[in-house]
Each structure stands twice: as C-alpha cells, then as structure tokens.
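Colleague: This is the structure, below, for whatever I ask next.
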Amino acid sequence: MDRLRLMETFVRVVETGNFSAVARQAHTTQSAISKQVQALEADMGVLLLVRSTRSHSLTEAGRLYYDRCRHVLDTLEEARIEVHRAEHEMSGLLRVAAPVAFGRIHIVPRLAAYYSRYPKMRIDLQLDDSFVDLVAAGIDVTFRVGELKDSRLIARRIGSVARAVVVSADYLARHGTPKCPEELLDHNCLLYTGIDNFNEWTFVDTRNKPRTVRVRSNFQSNSSEALRQAVMEGLGVCYSPTWIYGRDIREGSLTTILNDFKPSTLPLNVVYQPERRPSIKVNSFVDFFTDTFNQDPDLSAVIRSFKA
C-alpha cells in the first residue's frame with residue numbers, strides 16, 4: 001500500500017470538497033478516488049469522512065488525521081524545495097582536512113572542476129599528516145588513510161588504498177634488489193610513523209599466506225612528502241601507498257620491487273564530527289571527489305567504491 005499517495009488523495013478530497021474534482025485532477029474516476037479513501041480508512045481502522053449523496057464531512061478522527069497529513073505533506077514539500085535549492089545553489093564555507101600528500105596530489109588538482117559545478121562554494125583546506133581534532137579545528141570533513149583509532153567518529157569508507165615497495169634505480173644499483181620480504185632485513189627501510197606498527201611490513205605471498213617483516217631504518221618521518229624525497233635521493237626503500245608515487249613510477253624516476261608479494265591495503269575513509277549528521281554540502285563534496293577518484297589512473301585500480 002502506498003500510504004503517502006492515499007494521504008495525498010485524502011487531503012485533496014477534504015480541500016476540494018468533492019471526489020469528482022480530485023478525480024478530474026488525477027485523470028481517473030470518482031469511484032477510484034472513493035476506493036482510495038476507503039482503503040485509507042480500512043488501514044486506519046476508523047471512519048474519516050461521513051458521506052451523503054451530495055457532500056461529505058470530516059469525522060472527529062478525520063479532522064485530526066487531516067491536520068497531521070497536511071503537516072507531513074507540507075514538511076515533505078519544504079524538504080524537496082530545500083534539497084533542490086541546495087543542489088542548484090550550493091554555497092557557503094566548507095572546512096576540509098586531509099594528509100599533506102593526498103591533498104596536494106588528489107584534492108587541489110580537482111578543485112577547478114569542483115568549483116565549476118559549485119561556483120558559490122568556498123573551501124578551507126587544512127593539510128596535516130597527523131590526526132586533526134575535528135571539533136577543536138572546526139573541520140566539517142576529513143580524508144583519512146589507515147585504521148581509525150577514535151570509535152566516536154562518524155566515518156564512511158570510500159575505498160581501499162593499495163601499497164607497494166618503492167625504490168630508486170640508484171639505490172638498487174648500490175645495494176642490490178631483494179627477492180623476498182625477508183631480504184628487506186639487509187636493506188635500509190624508510191619508515192612512515194603516522195600509522196601503528198610502522199616498522200612491520202606485511203605481505204601476502206603467492207600462496208595467499210601473510211608474511212610480516214620487522215624492518216630497520218636510519219630514517220623515519222611522520223611526513224609522506226619527506227619520505228618520498230628520501231626515496232628519490234636513494235636513501236632506501238619505502239613501503240607506501242601507490243598513489244603517492246604514480247607519476248614517479250610512470251616517468252621512471254622510481255620503481256616497485258617485490259611485486260610477487262602483495263602488500264596489505266589501507267582503508268580510505270571520510271570522517272565527520274561526532275554526533276553531527278553530514279550536511280548536503282558535505283555529502284556533495286564527498287560524492288564529487290569519490291567519483292573523480294575512481295576515474296584517476298593512480299586511484300581507479302586501487303580504490304574500490306563503498307558508497308552508501
């Protein structure tokens with residue numbers, strides 16, 4: 001039963017004063033309209049209208065139900081108008097946070113296209129590799145790569161980020177190429193400290209068995225940008241999300257090794273302030289970037305959409 005349609009019919013009957021007028025507006029018969037009201041009364045278990053040969057009147061229950069129906073329908077229409085206006089006249093300030101490299105490589109280059117769709121929007125982008133306190137910083141939404149530590153946060157998983165072991169040709173020429181994860185113990189492994197167990201590199205071998213190596217390093221950092229530069233300088237090998245090095249690998253500046261051993265992936269989430277429902281502006285922003293991420297050669301193969 002389409003209760004909303006029956007409610008609309010009932011309200012129109014009350015407001016027009018007769019069944020035939022509603023039937024003409026709906027391009028149907030008076031009998032069909034009468035049956036809809038009867039179906040609503042049967043569902044409610046009460047009489048809503050007292051009918052006579054020439055007119056009808058509301059019962060006490062009918063008057064109460066009409067008032068409630070009118071309120072519901074008015075609320076739905078207001079919501080429709082607000083959503084339509086928001087979609088076509090999206091405006092205001094949106095405060096966004098993201099890891100430094102992710103923001104530089106994958107958010108800023110897409111802003112021109114975003115502003116073409118939503119020209120009245122303003123973005124305040126905060127780039128930081130540490131976990132930002134959304135409430136204290138007044139952030140509306142943030143992109144986070146890795147497992148979430150704070151269970152109070154409202155998160156929407158939009159994908160999984162692949163990782164690889166990247167290195168320069170210069171380093172390999174001087175130190176040789178490891179053939180299996182365990183041989184990384186003989187190499188300088190550059191470490192990103194922004195995740196838990198950052199010195200444990202986990203792989204899945206060709207038999208789908210996990211292999212974890214506790215590596216050693218003379219350089220570690222909480223900045224993926226600093227680690228990328230260290231790799232470029234030939235300081236060591238790095239276990240990192242592939243989207244940071246896509247262009248470097250395509251241009252031949254860096255290469256990947258241990259390709260027969262699949263590194264573990266990291267979840268990619270968008271996170272909102274606790275106890276705050278995402279606004280239309282936030283949802284539109286997230287939907288736009290998620291859609292464009294899936295069209296990017298450095299992301300489309302490694303981010304699988306989990307859109308709600």
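Here's how to read the names in the structure tokens: chain A, B, ... by the order shown, residue numbers from 1 in each chain, ligand numbers from 1 in the order shown.
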Can you pull out the residues contacting segment 132-134 of chain A? Cut-off 9 Å, using only C-alpha atoms, and skip same-chain residues under 5 positions away; I want them as a tab-separated table (two decimals) with N, CA, C and O atoms, in the first residue's frame.
Modeller:
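As written to disk, part19.tsv reads:
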chain	number	residue	atom	x	y	z
A	97	ALA	N	39.90	18.70	5.88
A	97	ALA	CA	41.26	18.31	6.28
A	97	ALA	C	41.67	17.05	5.53
A	97	ALA	O	40.82	16.23	5.17
A	98	ALA	N	42.98	16.91	5.30
A	98	ALA	CA	43.50	15.74	4.58
A	98	ALA	C	44.99	15.61	4.85
A	98	ALA	O	45.64	16.59	5.23
A	139	ILE	N	36.51	21.41	11.75
A	139	ILE	CA	36.56	20.75	10.45
A	139	ILE	C	35.22	20.06	10.17
A	139	ILE	O	34.67	19.36	11.02
A	140	ASP	N	34.70	20.23	8.95
A	140	ASP	CA	33.45	19.59	8.55
A	140	ASP	C	33.66	18.15	8.11
A	140	ASP	O	32.84	17.28	8.40
A	141	VAL	N	34.75	17.90	7.39
A	141	VAL	CA	35.01	16.56	6.88
A	141	VAL	C	36.50	16.41	6.65
A	141	VAL	O	37.19	17.37	6.29
A	142	THR	N	37.01	15.20	6.89
A	142	THR	CA	38.42	14.93	6.64
A	142	THR	C	38.59	13.59	5.94
A	142	THR	O	37.80	12.67	6.13
A	271	VAL	N	35.65	11.25	7.26
A	271	VAL	CA	35.26	11.26	8.65
A	271	VAL	C	34.59	12.58	8.98
A	271	VAL	O	35.04	13.66	8.54
A	272	TYR	N	33.52	12.51	9.77
A	272	TYR	CA	32.76	13.69	10.15
A	272	TYR	C	32.83	13.89	11.66
A	272	TYR	O	33.22	12.98	12.41
A	273	GLN	N	32.41	15.07	12.11
A	273	GLN	CA	32.38	15.33	13.53
A	273	GLN	C	31.42	14.37	14.23
A	273	GLN	O	30.37	14.03	13.69
A	274	PRO	N	31.78	13.91	15.43
A	274	PRO	CA	30.89	13.01	16.16
A	274	PRO	C	29.56	13.66	16.47
A	274	PRO	O	29.49	14.86	16.75
Colleague: Give the alpha helix (DSSP H) residues of segment 106-222 of chain A, as assigned by DSSP on the backbone, as a list in words.
Modeller: Leu111, Ala112, Ala113, Tyr114, Tyr115, Ser116, Arg117, Leu134, Val135, Ala136, Ala137, Ala169, Asp170, Tyr171, Leu172, Ala173, Arg174 and His175 of chain A
Colleague: Go ahead and write the selection's residues with N, CA, C and O atoms as a PDB file, in the first residue's frame.
Modeller:
ATOM      1  N   LEU A 111      39.997  20.837  -7.645  1.00  0.00           N
ATOM      2  CA  LEU A 111      39.167  21.941  -7.169  1.00  0.00           C
ATOM      3  C   LEU A 111      38.556  22.756  -8.304  1.00  0.00           C
ATOM      4  O   LEU A 111      37.432  23.243  -8.178  1.00  0.00           O
ATOM      5  N   ALA A 112      39.280  22.917  -9.407  1.00  0.00           N
ATOM      6  CA  ALA A 112      38.732  23.699 -10.524  1.00  0.00           C
ATOM      7  C   ALA A 112      37.447  23.064 -11.045  1.00  0.00           C
ATOM      8  O   ALA A 112      36.453  23.757 -11.303  1.00  0.00           O
ATOM      9  N   ALA A 113      37.460  21.737 -11.187  1.00  0.00           N
ATOM     10  CA  ALA A 113      36.256  21.036 -11.648  1.00  0.00           C
ATOM     11  C   ALA A 113      35.149  21.123 -10.595  1.00  0.00           C
ATOM     12  O   ALA A 113      33.971  21.256 -10.934  1.00  0.00           O
ATOM     13  N   TYR A 114      35.523  21.056  -9.329  1.00  0.00           N
ATOM     14  CA  TYR A 114      34.527  21.159  -8.255  1.00  0.00           C
ATOM     15  C   TYR A 114      33.868  22.537  -8.281  1.00  0.00           C
ATOM     16  O   TYR A 114      32.639  22.653  -8.193  1.00  0.00           O
ATOM     17  N   TYR A 115      34.678  23.607  -8.430  1.00  0.00           N
ATOM     18  CA  TYR A 115      34.123  24.956  -8.463  1.00  0.00           C
ATOM     19  C   TYR A 115      33.281  25.196  -9.722  1.00  0.00           C
ATOM     20  O   TYR A 115      32.360  26.015  -9.708  1.00  0.00           O
ATOM     21  N   SER A 116      33.581  24.481 -10.794  1.00  0.00           N
ATOM     22  CA  SER A 116      32.753  24.603 -11.998  1.00  0.00           C
ATOM     23  C   SER A 116      31.343  24.102 -11.727  1.00  0.00           C
ATOM     24  O   SER A 116      30.366  24.640 -12.257  1.00  0.00           O
ATOM     25  N   ARG A 117      31.239  23.080 -10.892  1.00  0.00           N
ATOM     26  CA  ARG A 117      29.921  22.536 -10.557  1.00  0.00           C
ATOM     27  C   ARG A 117      29.250  23.338  -9.441  1.00  0.00           C
ATOM     28  O   ARG A 117      28.034  23.535  -9.449  1.00  0.00           O
ATOM     29  N   LEU A 134      38.737  17.181  14.890  1.00  0.00           N
ATOM     30  CA  LEU A 134      37.730  17.820  14.044  1.00  0.00           C
ATOM     31  C   LEU A 134      36.954  18.892  14.791  1.00  0.00           C
ATOM     32  O   LEU A 134      36.686  19.968  14.243  1.00  0.00           O
ATOM     33  N   VAL A 135      36.584  18.617  16.039  1.00  0.00           N
ATOM     34  CA  VAL A 135      35.786  19.568  16.804  1.00  0.00           C
ATOM     35  C   VAL A 135      36.588  20.812  17.125  1.00  0.00           C
ATOM     36  O   VAL A 135      36.138  21.941  16.907  1.00  0.00           O
ATOM     37  N   ALA A 136      37.807  20.621  17.652  1.00  0.00           N
ATOM     38  CA  ALA A 136      38.632  21.767  18.043  1.00  0.00           C
ATOM     39  C   ALA A 136      38.995  22.631  16.845  1.00  0.00           C
ATOM     40  O   ALA A 136      39.068  23.864  16.952  1.00  0.00           O
ATOM     41  N   ALA A 137      39.232  21.993  15.691  1.00  0.00           N
ATOM     42  CA  ALA A 137      39.642  22.740  14.498  1.00  0.00           C
ATOM     43  C   ALA A 137      38.449  23.222  13.676  1.00  0.00           C
ATOM     44  O   ALA A 137      38.635  23.945  12.694  1.00  0.00           O
ATOM     45  N   ALA A 169      66.413   3.564  -8.799  1.00  0.00           N
ATOM     46  CA  ALA A 169      67.373   2.704  -9.507  1.00  0.00           C
ATOM     47  C   ALA A 169      68.769   2.868  -8.921  1.00  0.00           C
ATOM     48  O   ALA A 169      69.550   1.912  -8.857  1.00  0.00           O
ATOM     49  N   ASP A 170      69.086   4.080  -8.471  1.00  0.00           N
ATOM     50  CA  ASP A 170      70.408   4.339  -7.882  1.00  0.00           C
ATOM     51  C   ASP A 170      70.618   3.495  -6.632  1.00  0.00           C
ATOM     52  O   ASP A 170      71.688   2.898  -6.442  1.00  0.00           O
ATOM     53  N   TYR A 171      69.602   3.414  -5.786  1.00  0.00           N
ATOM     54  CA  TYR A 171      69.739   2.603  -4.571  1.00  0.00           C
ATOM     55  C   TYR A 171      69.946   1.133  -4.929  1.00  0.00           C
ATOM     56  O   TYR A 171      70.802   0.450  -4.358  1.00  0.00           O
ATOM     57  N   LEU A 172      69.148   0.623  -5.874  1.00  0.00           N
ATOM     58  CA  LEU A 172      69.266  -0.785  -6.262  1.00  0.00           C
ATOM     59  C   LEU A 172      70.634  -1.082  -6.860  1.00  0.00           C
ATOM     60  O   LEU A 172      71.194  -2.166  -6.637  1.00  0.00           O
ATOM     61  N   ALA A 173      71.167  -0.125  -7.606  1.00  0.00           N
ATOM     62  CA  ALA A 173      72.493  -0.328  -8.212  1.00  0.00           C
ATOM     63  C   ALA A 173      73.564  -0.459  -7.132  1.00  0.00           C
ATOM     64  O   ALA A 173      74.546  -1.200  -7.301  1.00  0.00           O
ATOM     65  N   ARG A 174      73.397   0.237  -6.027  1.00  0.00           N
ATOM     66  CA  ARG A 174      74.401   0.219  -4.958  1.00  0.00           C
ATOM     67  C   ARG A 174      74.191  -0.919  -3.959  1.00  0.00           C
ATOM     68  O   ARG A 174      75.159  -1.398  -3.355  1.00  0.00           O
ATOM     69  N   HIS A 175      72.935  -1.351  -3.784  1.00  0.00           N
ATOM     70  CA  HIS A 175      72.657  -2.311  -2.709  1.00  0.00           C
ATOM     71  C   HIS A 175      72.020  -3.612  -3.181  1.00  0.00           C
ATOM     72  O   HIS A 175      71.839  -4.525  -2.369  1.00  0.00           O
TER      73      HIS A 175
END
Colleague: Determine the nearest neighbour of Asn259 of chain A from the options A:Leu235, A:Ser221, A:Phe203, A:Trp243, counting only C-alpha atoms.
Modeller: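 For Asn259 of chain A, the nearest of the given residues is A:Phe203.
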Colleague: Show which residues sit within 8 Å of segment 21-23 of chain A, as a list in words. Count only C-alpha atoms, and ignore same-chain residues fewer than 6 positions away.
Modeller: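 Here the answer would be Thr9, Arg12, Val13, Thr29, Gln30, Ala32 and Ile33 of chain A.
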Colleague: Run DSSP on the backbone of this structure and report the residues of segment 57-306 of chain A it assigns to strand (DSSP E or B), as a PyMOL selection string.
Modeller: chain A and resi 57-58+91-98+120-127+141-145+154-161+163-167+189-192+200-204+210-214+220-221+237-241+255-257+262-263+266-272
Colleague: Which residue is closest to Lys179 of chain A? Choose from A:Ser31, A:Gln295, A:Ser224, A:Thr256 and count only C-alpha atoms.
Modeller: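 The closest residue to Lys179 of chain A is A:Thr256.
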Colleague: Using only C-alpha atoms, which residue out of A:Ser160, A:Thr255, A:Ser20, A:Asn269 lies closest to Val286 of chain A?
Modeller: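 Checking each candidate against Val286 of chain A, we get A:Asn269 as the closest.
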Colleague: One number please: atom CA of Arg95 of chain A to atom CA of Asn294 of chain A, in Å, one decimal.
Modeller: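 Atom CA of Asn294 of chain A lies at a distance of 22.9 Å from atom CA of Arg95 of chain A.
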Colleague: Can you work out which one of A:Thr206, A:Asn188, A:Ser34, A:Ser253 has the shortest atom-to-atom distance to Ser168 of chain A, counting only C-alpha atoms?
Modeller: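 Of the candidates, the smallest distance to Ser168 of chain A is held by A:Ser253.
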